[in-house]
file data_7.txt (compact mmCIF, C-alpha atoms)
# COMPACT_ATOMS: atom_id res chain seq x y z
CA MET B 1 5.48 19.75 -8.23
CA ASP B 2 8.87 18.23 -9.09
CA ILE B 3 10.04 15.16 -7.21
CA HIS B 4 13.62 14.35 -6.35
CA SER B 5 15.27 11.47 -4.53
CA ALA B 6 18.39 11.22 -2.42
CA PHE B 7 20.43 8.74 -0.39
CA ILE B 8 21.72 9.67 3.05
CA ASN B 9 24.86 8.39 4.74
CA GLY B 10 23.92 9.13 8.34
CA ASP B 11 26.33 10.01 11.12
CA LEU B 12 24.79 9.49 14.56
CA THR B 13 26.50 11.03 17.55
CA GLU B 14 24.41 9.73 20.44
CA GLU B 15 26.26 7.81 23.12
CA VAL B 16 25.00 4.24 23.52
CA TYR B 17 26.01 1.61 26.06
CA MET B 18 26.17 -2.08 25.26
CA LYS B 19 26.58 -5.27 27.26
CA GLN B 20 29.91 -7.01 27.65
CA PRO B 21 30.51 -9.70 24.96
CA PRO B 22 30.23 -13.36 26.08
CA ARG B 23 33.44 -14.90 27.49
CA TYR B 24 35.17 -11.51 27.56
CA PRO B 25 38.53 -11.96 29.40
CA THR B 26 38.12 -9.62 32.33
CA THR B 27 37.45 -9.88 36.01
CA ASN B 28 35.33 -6.72 36.09
CA PRO B 29 31.79 -7.53 34.89
CA ASP B 30 30.86 -3.81 34.85
CA LEU B 31 33.46 -3.01 32.21
CA VAL B 32 31.65 -2.43 28.89
CA CYS B 33 32.25 -0.77 25.54
CA TRP B 34 31.24 2.85 25.20
CA LEU B 35 30.02 3.65 21.70
CA HIS B 36 30.24 7.18 20.41
CA LYS B 37 28.20 6.28 17.33
CA SER B 38 25.30 3.88 16.82
CA LEU B 39 26.26 0.83 14.79
CA TYR B 40 24.16 -1.03 12.25
CA GLY B 41 22.72 -4.13 13.81
CA LEU B 42 21.91 -2.69 17.21
CA LYS B 43 18.20 -2.78 18.02
CA GLN B 44 18.06 0.90 18.97
CA VAL B 45 19.85 2.28 15.91
CA SER B 46 16.74 2.69 13.73
CA ARG B 47 14.95 4.66 16.43
CA GLN B 48 17.96 6.88 17.03
CA TRP B 49 18.46 7.52 13.33
CA ASN B 50 14.82 8.55 12.97
CA ALA B 51 15.07 10.84 15.99
CA LYS B 52 18.29 12.38 14.67
CA PHE B 53 16.93 13.06 11.19
CA SER B 54 13.61 14.34 12.54
CA SER B 55 15.32 16.82 14.86
CA VAL B 56 17.42 18.14 11.98
CA LEU B 57 14.35 18.77 9.81
CA LEU B 58 12.32 20.26 12.64
CA ALA B 59 15.16 22.67 13.35
CA PHE B 60 14.96 23.87 9.74
CA GLY B 61 11.24 24.57 10.09
CA PHE B 62 9.64 21.38 8.79
CA ARG B 63 6.47 20.03 10.38
CA GLN B 64 6.20 16.30 11.04
CA SER B 65 2.95 14.67 10.01
CA LYS B 66 0.88 13.00 12.73
CA CYS B 67 -0.59 10.58 10.16
CA ASP B 68 2.76 9.38 8.83
CA TYR B 69 5.80 10.11 10.97
CA SER B 70 8.14 9.67 8.01
CA LEU B 71 6.44 12.58 6.20
CA PHE B 72 7.63 16.17 6.68
CA THR B 73 6.18 19.32 5.15
CA LEU B 74 7.38 22.92 4.94
CA ARG B 75 5.42 25.92 3.73
CA LYS B 76 6.73 29.42 3.21
CA CYS B 77 4.22 31.87 1.78
CA LEU B 78 2.98 30.27 -1.43
CA ASP B 79 5.90 27.83 -1.70
CA PHE B 80 5.52 24.28 -0.45
CA ILE B 81 7.90 21.36 -0.02
CA VAL B 82 7.26 17.80 1.14
CA LEU B 83 9.86 15.23 2.21
CA LEU B 84 9.25 11.50 2.64
CA LEU B 85 11.87 9.35 4.39
CA TYR B 86 12.29 5.59 3.98
CA VAL B 87 15.18 4.42 6.22
CA ASP B 88 18.08 6.32 4.57
CA ASP B 89 16.38 7.07 1.23
CA MET B 90 14.18 10.09 0.80
CA VAL B 91 11.94 11.70 -1.79
CA ILE B 92 11.49 15.46 -1.96
CA GLY B 93 8.69 17.22 -3.80
CA ARG B 94 8.59 20.96 -4.27
CA THR B 95 6.83 23.88 -5.92
CA CYS B 96 9.83 26.24 -5.74
CA GLU B 97 13.35 25.50 -7.03
CA ALA B 98 15.06 27.94 -4.66
CA LEU B 99 13.42 26.38 -1.61
CA ILE B 100 14.46 22.83 -2.45
CA THR B 101 18.01 24.03 -3.15
CA SER B 102 18.25 25.53 0.32
CA VAL B 103 16.93 22.30 1.87
CA LYS B 104 19.52 20.23 0.01
CA LEU B 105 22.34 22.52 1.09
CA TYR B 106 21.16 22.30 4.68
CA LEU B 107 21.04 18.49 4.53
CA HIS B 108 24.53 18.45 2.99
CA GLU B 109 25.81 20.35 6.00
CA CYS B 110 24.20 17.91 8.46
CA PHE B 111 24.72 14.61 6.59
CA ASN B 112 26.67 13.15 3.73
CA ILE B 113 23.92 12.85 1.11
CA LYS B 114 23.94 11.89 -2.54
CA ASP B 115 21.58 13.86 -4.76
CA LEU B 116 20.10 11.54 -7.38
CA GLY B 117 18.23 14.29 -9.23
CA ALA B 118 14.74 13.89 -10.67
CA MET B 119 13.21 10.65 -9.44
CA LYS B 120 13.20 7.81 -11.98
CA TYR B 121 13.50 4.71 -9.79
CA PHE B 122 12.65 4.31 -6.12
CA LEU B 123 12.27 1.10 -4.07
CA GLY B 124 11.49 -1.05 -7.10
CA LEU B 125 9.11 1.51 -8.61
CA GLU B 126 9.84 3.11 -11.98
CA ILE B 127 8.47 6.63 -12.36
CA CYS B 128 7.64 8.09 -15.77
CA SER B 129 6.60 11.74 -15.91
CA SER B 130 5.31 14.27 -18.43
CA SER B 131 3.29 17.45 -18.44
CA SER B 132 0.05 15.49 -17.95
CA GLY B 133 0.95 13.23 -15.04
CA LEU B 134 3.02 10.43 -13.52
CA ILE B 135 2.87 6.70 -14.03
CA LEU B 136 4.33 4.18 -11.60
CA ASN B 137 5.20 0.66 -12.72
CA GLN B 138 7.45 -2.25 -11.67
CA ARG B 139 8.80 -3.48 -14.99
CA LYS B 140 12.35 -4.13 -13.81
CA TYR B 141 11.12 -5.71 -10.58
CA THR B 142 8.82 -8.01 -12.61
CA LEU B 143 11.64 -9.01 -14.95
CA ASP B 144 13.91 -9.83 -12.01
CA LEU B 145 11.15 -11.85 -10.36
CA LEU B 146 10.44 -13.91 -13.48
CA HIS B 147 14.15 -14.39 -14.16
CA ASP B 148 14.90 -15.60 -10.64
CA ALA B 149 11.97 -18.00 -10.77
CA GLY B 150 12.95 -19.27 -14.25
CA PHE B 151 9.69 -18.23 -15.93
CA LEU B 152 10.88 -15.75 -18.56
CA ASN B 153 10.46 -18.35 -21.33
CA ALA B 154 7.37 -20.03 -19.89
CA LYS B 155 4.02 -20.15 -21.65
CA PRO B 156 1.89 -17.18 -20.53
CA LEU B 157 -1.46 -17.78 -18.85
CA THR B 158 -4.41 -16.03 -20.47
CA SER B 159 -6.63 -15.35 -17.49
CA PRO B 160 -6.47 -15.46 -13.70
CA THR B 161 -9.80 -17.33 -13.76
CA GLU B 162 -7.81 -20.33 -15.01
CA LEU B 163 -6.14 -20.46 -11.61
CA ASN B 164 -7.48 -22.83 -8.98
CA THR B 165 -8.45 -19.98 -6.64
CA HIS B 166 -10.56 -22.24 -4.40
CA ILE B 167 -7.70 -24.33 -3.13
CA SER B 168 -7.75 -25.55 0.45
CA ILE B 169 -5.14 -25.80 3.17
CA HIS B 170 -5.47 -29.57 2.84
CA SER B 171 -4.72 -29.60 -0.91
CA GLY B 172 -1.60 -31.43 -2.07
CA THR B 173 1.48 -32.64 -0.20
CA SER B 174 3.45 -30.44 2.18
CA LEU B 175 6.69 -29.00 0.79
CA ASP B 176 9.97 -30.23 2.21
CA ASP B 177 11.42 -26.72 1.97
CA PRO B 178 8.66 -24.08 2.34
CA SER B 179 11.14 -21.18 2.13
CA CYS B 180 10.85 -21.07 -1.67
CA TYR B 181 7.10 -20.59 -1.35
CA HIS B 182 7.52 -17.95 1.35
CA GLN B 183 9.96 -15.97 -0.76
CA LEU B 184 7.82 -16.18 -3.90
CA ILE B 185 4.65 -15.03 -2.15
CA GLY B 186 6.52 -12.17 -0.47
CA ARG B 187 7.80 -10.92 -3.82
CA LEU B 188 4.38 -11.29 -5.43
CA MET B 189 2.81 -9.28 -2.61
CA TYR B 190 5.19 -6.40 -3.35
CA LEU B 191 4.25 -6.67 -7.04
CA THR B 192 0.62 -5.94 -6.16
CA LEU B 193 1.66 -2.33 -5.54
CA THR B 194 0.97 -1.72 -9.23
CA ARG B 195 -0.61 -5.01 -10.41
CA LEU B 196 -4.09 -5.01 -8.92
CA ASN B 197 -5.17 -7.82 -11.26
CA ILE B 198 -3.24 -10.36 -9.16
CA ASN B 199 -4.13 -8.91 -5.76
CA TYR B 200 -6.94 -11.34 -4.98
CA ILE B 201 -5.13 -14.56 -5.88
CA VAL B 202 -1.91 -13.49 -4.11
CA ASN B 203 -3.93 -12.64 -1.01
CA ASN B 204 -5.54 -16.08 -1.28
CA LEU B 205 -2.21 -17.88 -1.60
CA SER B 206 -0.75 -15.99 1.35
CA GLN B 207 -3.21 -17.83 3.62
CA PHE B 208 -1.13 -21.02 3.26
CA LEU B 209 2.26 -19.69 4.36
CA GLN B 210 2.22 -21.73 7.54
CA GLN B 211 2.10 -25.09 5.75
CA PRO B 212 2.36 -24.72 1.95
CA SER B 213 1.92 -27.68 -0.35
CA ASP B 214 2.91 -28.54 -3.89
CA LYS B 215 -0.58 -27.47 -5.07
CA HIS B 216 -0.10 -24.05 -3.52
CA LEU B 217 3.32 -23.69 -5.16
CA GLN B 218 1.83 -24.76 -8.49
CA ALA B 219 -0.84 -22.06 -8.16
CA ALA B 220 1.85 -19.47 -7.38
CA HIS B 221 3.70 -20.52 -10.53
CA CYS B 222 0.47 -19.98 -12.47
CA VAL B 223 0.42 -16.42 -11.16
CA LEU B 224 3.92 -15.93 -12.59
CA ARG B 225 2.73 -17.17 -15.97
CA TYR B 226 -0.19 -14.77 -15.80
CA VAL B 227 2.16 -11.90 -14.90
CA LEU B 228 4.34 -12.90 -17.86
CA ARG B 229 1.40 -12.40 -20.20
CA TYR B 230 0.91 -8.85 -18.99
CA LEU B 231 4.64 -8.18 -19.12
CA LYS B 232 4.68 -9.05 -22.82
CA GLY B 233 1.40 -7.34 -23.68
CA SER B 234 1.66 -4.28 -21.41
CA PRO B 235 5.30 -4.08 -20.28
CA ARG B 236 4.93 -0.73 -18.51
CA GLN B 237 1.47 -1.09 -17.03
CA GLY B 238 1.16 0.84 -13.79
CA LEU B 239 -0.70 3.43 -11.79
CA PHE B 240 -1.36 6.71 -13.61
CA PHE B 241 -1.57 9.88 -11.53
CA LEU B 242 -3.08 12.71 -13.52
CA PHE B 243 -1.99 16.26 -12.76
CA THR B 244 -5.25 17.91 -11.75
CA HIS B 245 -6.60 20.60 -9.49
CA SER B 246 -9.34 18.29 -8.21
CA PHE B 247 -8.73 16.71 -4.80
CA GLU B 248 -12.10 15.02 -4.36
CA LEU B 249 -12.11 11.61 -2.71
CA HIS B 250 -14.27 8.74 -3.98
CA ALA B 251 -14.39 5.32 -2.35
CA PHE B 252 -15.59 1.89 -3.47
CA CYS B 253 -16.06 -1.09 -1.16
CA ASN B 254 -17.14 -4.67 -1.74
CA SER B 255 -17.07 -8.12 -0.13
CA ASP B 256 -17.19 -11.75 -1.22
CA TRP B 257 -19.30 -13.89 1.08
CA GLY B 258 -17.63 -17.13 2.18
CA GLY B 259 -14.61 -16.62 -0.04
CA TYR B 260 -12.38 -19.03 1.91
CA LEU B 261 -13.21 -22.74 1.92
CA ASP B 262 -11.38 -23.59 5.14
CA SER B 263 -12.78 -20.90 7.44
CA HIS B 264 -15.87 -19.71 5.48
CA ARG B 265 -14.84 -16.16 6.26
CA PHE B 266 -15.40 -13.37 3.77
CA VAL B 267 -13.00 -11.17 1.84
CA SER B 268 -13.50 -7.41 1.89
CA GLY B 269 -11.76 -4.85 -0.24
CA PHE B 270 -11.85 -1.16 -1.02
CA CYS B 271 -10.45 1.29 -3.55
CA ILE B 272 -10.08 5.02 -2.92
CA ILE B 273 -9.63 7.52 -5.74
CA LEU B 274 -8.24 11.03 -5.33
CA GLY B 275 -8.73 13.41 -8.24
CA GLY B 276 -9.31 10.53 -10.66
CA SER B 277 -6.25 8.54 -9.55
CA LEU B 278 -6.06 5.44 -7.37
CA VAL B 279 -4.26 6.26 -4.12
CA SER B 280 -5.28 3.50 -1.69
CA TRP B 281 -6.65 -0.04 -1.84
CA LYS B 282 -6.80 -3.13 0.33
CA SER B 283 -7.94 -6.73 0.23
CA LYS B 284 -8.27 -8.58 3.52
CA LYS B 285 -9.79 -11.72 4.99
CA GLN B 286 -12.06 -10.76 7.88
CA HIS B 287 -11.87 -12.40 11.30
CA ILE B 288 -15.55 -13.37 11.62
CA VAL B 289 -18.13 -15.49 9.80
CA SER B 290 -21.13 -13.45 8.64
CA LEU B 291 -24.71 -14.64 8.27
CA SER B 292 -25.70 -12.89 5.04
CA SER B 293 -24.29 -11.13 1.99
CA ALA B 294 -25.83 -7.84 3.14
CA GLU B 295 -23.94 -8.13 6.43
CA VAL B 296 -20.57 -8.66 4.75
CA GLU B 297 -21.18 -5.67 2.48
CA TYR B 298 -22.10 -3.55 5.49
CA ARG B 299 -19.03 -4.70 7.42
CA ALA B 300 -16.80 -3.59 4.54
CA MET B 301 -17.92 0.02 5.00
CA PRO B 302 -16.24 0.71 8.40
CA ASN B 303 -12.90 -0.55 7.04
CA THR B 304 -13.21 1.88 4.14
CA TYR B 305 -14.26 4.67 6.49
CA ASN B 306 -11.12 4.19 8.62
CA GLU B 307 -8.94 4.64 5.56
CA LEU B 308 -10.92 7.71 4.46
CA VAL B 309 -10.41 9.33 7.86
CA TRP B 310 -6.67 8.76 7.60
CA LEU B 311 -6.49 10.10 4.03
CA SER B 312 -8.60 13.18 4.75
CA THR B 313 -6.36 13.97 7.73
CA LEU B 314 -3.26 13.38 5.62
CA LEU B 315 -4.56 15.82 3.01
CA THR B 316 -4.60 18.55 5.65
CA ASP B 317 -0.82 18.11 5.94
CA PHE B 318 -0.71 19.07 2.25
CA TYR B 319 -3.00 22.03 3.00
CA VAL B 320 -5.87 20.41 1.10
CA PRO B 321 -8.98 20.49 3.36
CA HIS B 322 -11.85 18.18 2.47
CA SER B 323 -15.24 19.53 3.57
CA ARG B 324 -17.71 17.81 1.24
CA PRO B 325 -19.28 14.42 2.02
CA ILE B 326 -17.11 11.64 0.57
CA PRO B 327 -19.05 9.36 -1.80
CA LEU B 328 -18.80 5.71 -0.77
CA HIS B 329 -20.03 3.40 -3.52
CA CYS B 330 -21.45 -0.03 -2.70
CA ASP B 331 -23.31 -2.53 -4.92
CA SER B 332 -25.64 -3.70 -2.11
CA LYS B 333 -28.80 -1.63 -1.70
CA VAL B 334 -29.61 -3.36 1.59
CA ALA B 335 -26.21 -2.42 3.07
CA ILE B 336 -26.75 1.18 1.96
CA HIS B 337 -30.17 1.24 3.63
CA ILE B 338 -28.66 -0.09 6.85
CA GLY B 339 -25.92 2.54 6.76
CA ASN B 340 -28.44 5.33 6.14
CA ASN B 341 -31.24 4.31 8.49
CA LEU B 342 -30.11 1.39 10.68
CA ILE B 343 -33.24 -0.50 9.65
CA PHE B 344 -33.80 -4.27 9.89
CA HIS B 345 -32.92 -4.33 13.60
CA GLU B 346 -33.78 -8.02 13.82
CA HIS B 347 -31.11 -8.77 11.22
CA THR B 348 -28.45 -6.34 12.47
CA LYS B 349 -28.64 -6.43 16.28
CA HIS B 350 -25.81 -9.00 16.42
CA ILE B 351 -23.42 -6.72 14.53
CA GLU B 352 -20.84 -4.99 16.70
CA MET B 353 -21.59 -1.37 17.56
CA ASP B 354 -18.36 -0.12 15.99
CA CYS B 355 -19.72 -1.10 12.58
CA HIS B 356 -22.53 1.44 13.01
CA VAL B 357 -20.01 4.29 12.88
CA VAL B 358 -20.95 4.47 9.18
CA HIS B 359 -24.46 5.60 10.05
CA GLU B 360 -23.06 8.24 12.40
CA LYS B 361 -20.70 9.64 9.77
CA VAL B 362 -23.47 9.70 7.17
CA HIS B 363 -25.61 11.68 9.64
CA PHE B 364 -22.80 14.21 10.27
CA GLY B 365 -22.06 14.65 6.57
CA PHE B 366 -18.68 12.94 6.33
CA LEU B 367 -19.92 10.08 4.10
CA GLN B 368 -22.49 9.77 1.37
CA LEU B 369 -23.55 6.21 0.53
CA LEU B 370 -24.24 5.64 -3.16
CA HIS B 371 -25.28 2.55 -5.10
CA ILE B 372 -23.21 1.22 -7.98
CA SER B 373 -23.90 -1.74 -10.24
CA SER B 374 -21.78 -4.85 -9.84
CA THR B 375 -20.36 -4.49 -13.36
CA GLU B 376 -19.05 -1.01 -12.48
CA GLN B 377 -17.59 -1.98 -9.08
CA PRO B 378 -13.76 -1.65 -9.29
CA SER B 379 -13.17 -3.23 -5.88
CA ASP B 380 -14.27 -6.56 -7.41
CA LEU B 381 -10.62 -6.85 -8.47
CA LEU B 382 -9.71 -7.28 -4.79
CA THR B 383 -12.41 -9.70 -3.64
CA LYS B 384 -13.09 -12.30 -6.33
CA PRO B 385 -11.77 -13.78 -9.62
CA ILE B 386 -13.33 -12.12 -12.67
CA ILE B 387 -13.07 -12.52 -16.44
CA VAL B 388 -10.33 -10.89 -18.52
CA ASN B 389 -12.48 -8.30 -20.33
CA GLN B 390 -13.93 -7.11 -17.03
CA ILE B 391 -10.44 -6.88 -15.53
CA GLN B 392 -9.29 -4.61 -18.35
CA TYR B 393 -12.36 -2.42 -18.01
CA LEU B 394 -11.98 -1.98 -14.25
CA LEU B 395 -8.23 -1.33 -14.50
CA CYS B 396 -8.88 1.47 -16.99
CA LYS B 397 -11.53 2.85 -14.64
CA LEU B 398 -8.88 3.02 -11.89
CA ASN B 399 -6.32 4.63 -14.26
CA VAL B 400 -4.07 1.55 -14.25
CA LEU B 401 -2.62 1.99 -17.73
CA ASP B 402 0.37 1.20 -19.89
CA ALA B 403 2.95 3.99 -20.04
CA HIS B 404 3.10 3.72 -23.84
CA ARG B 405 -0.69 4.07 -24.14
CA SER B 406 -1.34 6.59 -21.38
CA PRO B 407 -1.21 10.38 -21.78
CA CYS B 408 2.25 10.27 -20.24
CA GLY B 409 3.74 8.47 -23.18
CA GLY B 410 6.90 6.42 -22.88
CA CYS B 411 9.65 6.87 -20.35
call {"tool": "encode", "arguments": {"input": "data_7.txt", "output": "structure tokens"}}
result
Amino acid sequence: MDIHSAFINGDLTEEVYMKQPPRYPTTNPDLVCWLHKSLYGLKQVSRQWNAKFSSVLLAFGFRQSKCDYSLFTLRKCLDFIVLLLYVDDMVIGRTCEALITSVKLYLHECFNIKDLGAMKYFLGLEICSSSSGLILNQRKYTLDLLHDAGFLNAKPLTSPTELNTHISIHSGTSLDDPSCYHQLIGRLMYLTLTRLNINYIVNNLSQFLQQPSDKHLQAAHCVLRYVLRYLKGSPRQGLFFLFTHSFELHAFCNSDWGGYLDSHRFVSGFCIILGGSLVSWKSKKQHIVSLSSAEVEYRAMPNTYNELVWLSTLLTDFYVPHSRPIPLHCDSKVAIHIGNNLIFHEHTKHIEMDCHVVHEKVHFGFLQLLHISSTEQPSDLLTKPIIVNQIQYLLCKLNVLDAHRSPCGGC
């Protein structure tokens, strides 16, 4: 399936009323401006633009996804086309050249669009393609981030374990201007789209956005030095998506008990693989304090299940049904026993009933709980700091590779 990108210059024709400007020189308070087109800056313009574009695609025969309302699909016989909209940028994938040509001509008639051809760069992501697959990386975005922060010539940091990951909200002195910390953490969070090795520490540092200190800023600068090391050693490291006919889902979930010093709450994370490629992952601090490590592992399963339900439903929009039980790998045998049998009632009766949805889905054949050793658990990248060699091993297991070393080759 080829992927193309385009930019749309929208022209909205809905009539919108607005209030009279302050201190407007008129004696009639009911006299207002009557807009024939929605203007940028009005609160309703984004909704109207989405409704306008959606109606145009639906009139052509597209079907709007119920899982992601910015996703549209069209199928004619054996030909298939998918369109993803992000504000006024869109990506189109197709299996038939004639079909995508007709869609582009139709969009040209309705809007003033600019065809950018085969997708190479989209929203900070660089896309390299070959006959074997696609690789997504953020090399340019990383360079811009390091340049703006003044860290291009800094000394690289060897390992994320050198970072003070167990910092507290009370560490250091409050910053006079916290905006620099807010901006840096926001940009680092976007970098985790392809750099899973910094996901845990960035998630940790984002807990101090309300009142950052100089210690927190120093730790964020250490993350930049660690990113610099990977930029020099693996400049095009990113997510590799192998072209395959397998659409089997595999999930991994894990938790770190008492990962936060201030609240003693735990961190849970999951990774979901589709056809050998990483498609979804998450690292999140939970809102409760758990009593045991088995409980935190068991609580991580419903979060993973929710994502699996969404992905399996989304696959139906691509006409890829998923009927087999989805393997969910966990490194806690006790949590697996609880999910399979709901045993140890004395130790689990305080857990909310919604967590036991895992047992129900195992019983109905949607999930299959499997044990995995801690050394083979890829979701460890999202829940705790680990050593460098283990990071490299788990990244390779998730197909996070360098474009020059992957089957795709260079861009």
call {"tool": "residues_around", "arguments": {"input": "data_7.txt", "residues": "stretch 364-371 of chain B", "least_positions_apart": "4", "cutoff": "6 Å", "atoms": "all atoms listed in the file", "output": "PDB file with C-alpha atoms, in the coordinates of the input"}}
result
ATOM      1  CA  PRO B 325     -19.280  14.420   2.020  1.00  0.00           C
ATOM      2  CA  ILE B 326     -17.110  11.640   0.570  1.00  0.00           C
ATOM      3  CA  PRO B 327     -19.050   9.360  -1.800  1.00  0.00           C
ATOM      4  CA  LEU B 328     -18.800   5.710  -0.770  1.00  0.00           C
ATOM      5  CA  HIS B 329     -20.030   3.400  -3.520  1.00  0.00           C
ATOM      6  CA  CYS B 330     -21.450  -0.030  -2.700  1.00  0.00           C
ATOM      7  CA  ASP B 331     -23.310  -2.530  -4.920  1.00  0.00           C
TER       8      ASP B 331
END
call {"tool": "atom_distance", "arguments": {"input": "data_7.txt", "atom1": "atom CA of B:Ser246", "atom2": "atom CA of B:Leu398"}}
result
15.7 Å
call {"tool": "closest_residue", "arguments": {"input": "data_7.txt", "among": "B:Arg324, B:Lys155, B:His337, B:Lys384", "to": "B:Asn254", "atoms": "all atoms listed in the file"}}
result
B:Lys384
call {"tool": "closest_atom_pairs", "arguments": {"input": "data_7.txt", "of": "stretch 104-177 of chain B", "to": "stretch 199-215 of chain B", "cutoff": "7 Å", "atoms": "only C-alpha atoms", "output": "Markdown table"}}
result
| residue | atom | partner | partner_atom | distance |
| --- | --- | --- | --- | --- |
| B:Thr165 | CA | B:Ile201 | CA | 6.4 |
| B:Ile169 | CA | B:Phe208 | CA | 6.2 |
| B:Ser171 | CA | B:Lys215 | CA | 6.2 |
| B:Gly172 | CA | B:Lys215 | CA | 5.1 |
| B:Thr173 | CA | B:Ser213 | CA | 5.0 |
| B:Ser174 | CA | B:Ser213 | CA | 4.0 |
| B:Leu175 | CA | B:Ser213 | CA | 5.1 |
call {"tool": "atom_distance", "arguments": {"input": "data_7.txt", "atom1": "atom CA of B:Ala118", "atom2": "atom CA of B:Gly93"}}
result
9.7 Å
call {"tool": "closest_residue", "arguments": {"input": "data_7.txt", "among": "B:Phe243, B:Phe122, B:Phe62, B:Tyr69", "to": "B:Val82", "atoms": "all atoms listed in the file"}}
result
B:Phe62
call {"tool": "axis_aligned_box", "arguments": {"input": "data_7.txt", "around": "stretch 379-383 of chain B", "padding_each_side": "5 Å", "output": "lines of an AutoDock Vina configuration file"}}
result
center_x = -12.0
center_y = -6.5
center_z = -6.1
size_x = 14.6
size_y = 16.5
size_z = 14.8
call {"tool": "residues_around", "arguments": {"input": "data_7.txt", "residues": "B:Glu126", "least_positions_apart": "3", "cutoff": "6 Å", "atoms": "all atoms listed in the file", "output": "ChimeraX atom specification"}}
result
/B:120-121,136-138
call {"tool": "residues_around", "arguments": {"input": "data_7.txt", "residues": "stretch 84-87 of chain B", "least_positions_apart": "4", "cutoff": "8 Å", "atoms": "only C-alpha atoms", "output": "PyMOL selection string"}}
result
chain B and resi 46+50+70-72+91-92
call {"tool": "residues_around", "arguments": {"input": "data_7.txt", "residues": "B:Pro378", "least_positions_apart": "2", "cutoff": "9 Å", "atoms": "all atoms listed in the file", "output": "list in words"}}
result
Phe252, Cys253, Asn254, Phe270, Cys271, Ser374, Thr375, Glu376, Asp380, Leu381, Leu382, Ile391, Tyr393, Leu394, Leu395, Lys397 and Leu398 of chain B
call {"tool": "atom_distance", "arguments": {"input": "data_7.txt", "atom1": "atom CA of B:Leu152", "atom2": "atom CA of B:Pro178"}}
result
22.6 Å
call {"tool": "closest_residue", "arguments": {"input": "data_7.txt", "among": "B:Gln390, B:Ser268, B:Gln237, B:Asn153", "to": "B:Arg225", "atoms": "all atoms listed in the file"}}
result
B:Asn153
call {"tool": "residues_around", "arguments": {"input": "data_7.txt", "residues": "B:Lys232", "least_positions_apart": "4", "cutoff": "9 Å", "atoms": "only C-alpha atoms", "output": "count of residues only"}}
result
3
call {"tool": "closest_residue", "arguments": {"input": "data_7.txt", "among": "B:Val56, B:Leu74, B:Leu231, B:Ile372", "to": "B:Cys110", "atoms": "only C-alpha atoms"}}
result
B:Val56
call {"tool": "closest_residue", "arguments": {"input": "data_7.txt", "among": "B:Thr313, B:Gly124, B:Leu146, B:Ala220", "to": "B:Ile167", "atoms": "all atoms listed in the file"}}
result
B:Ala220
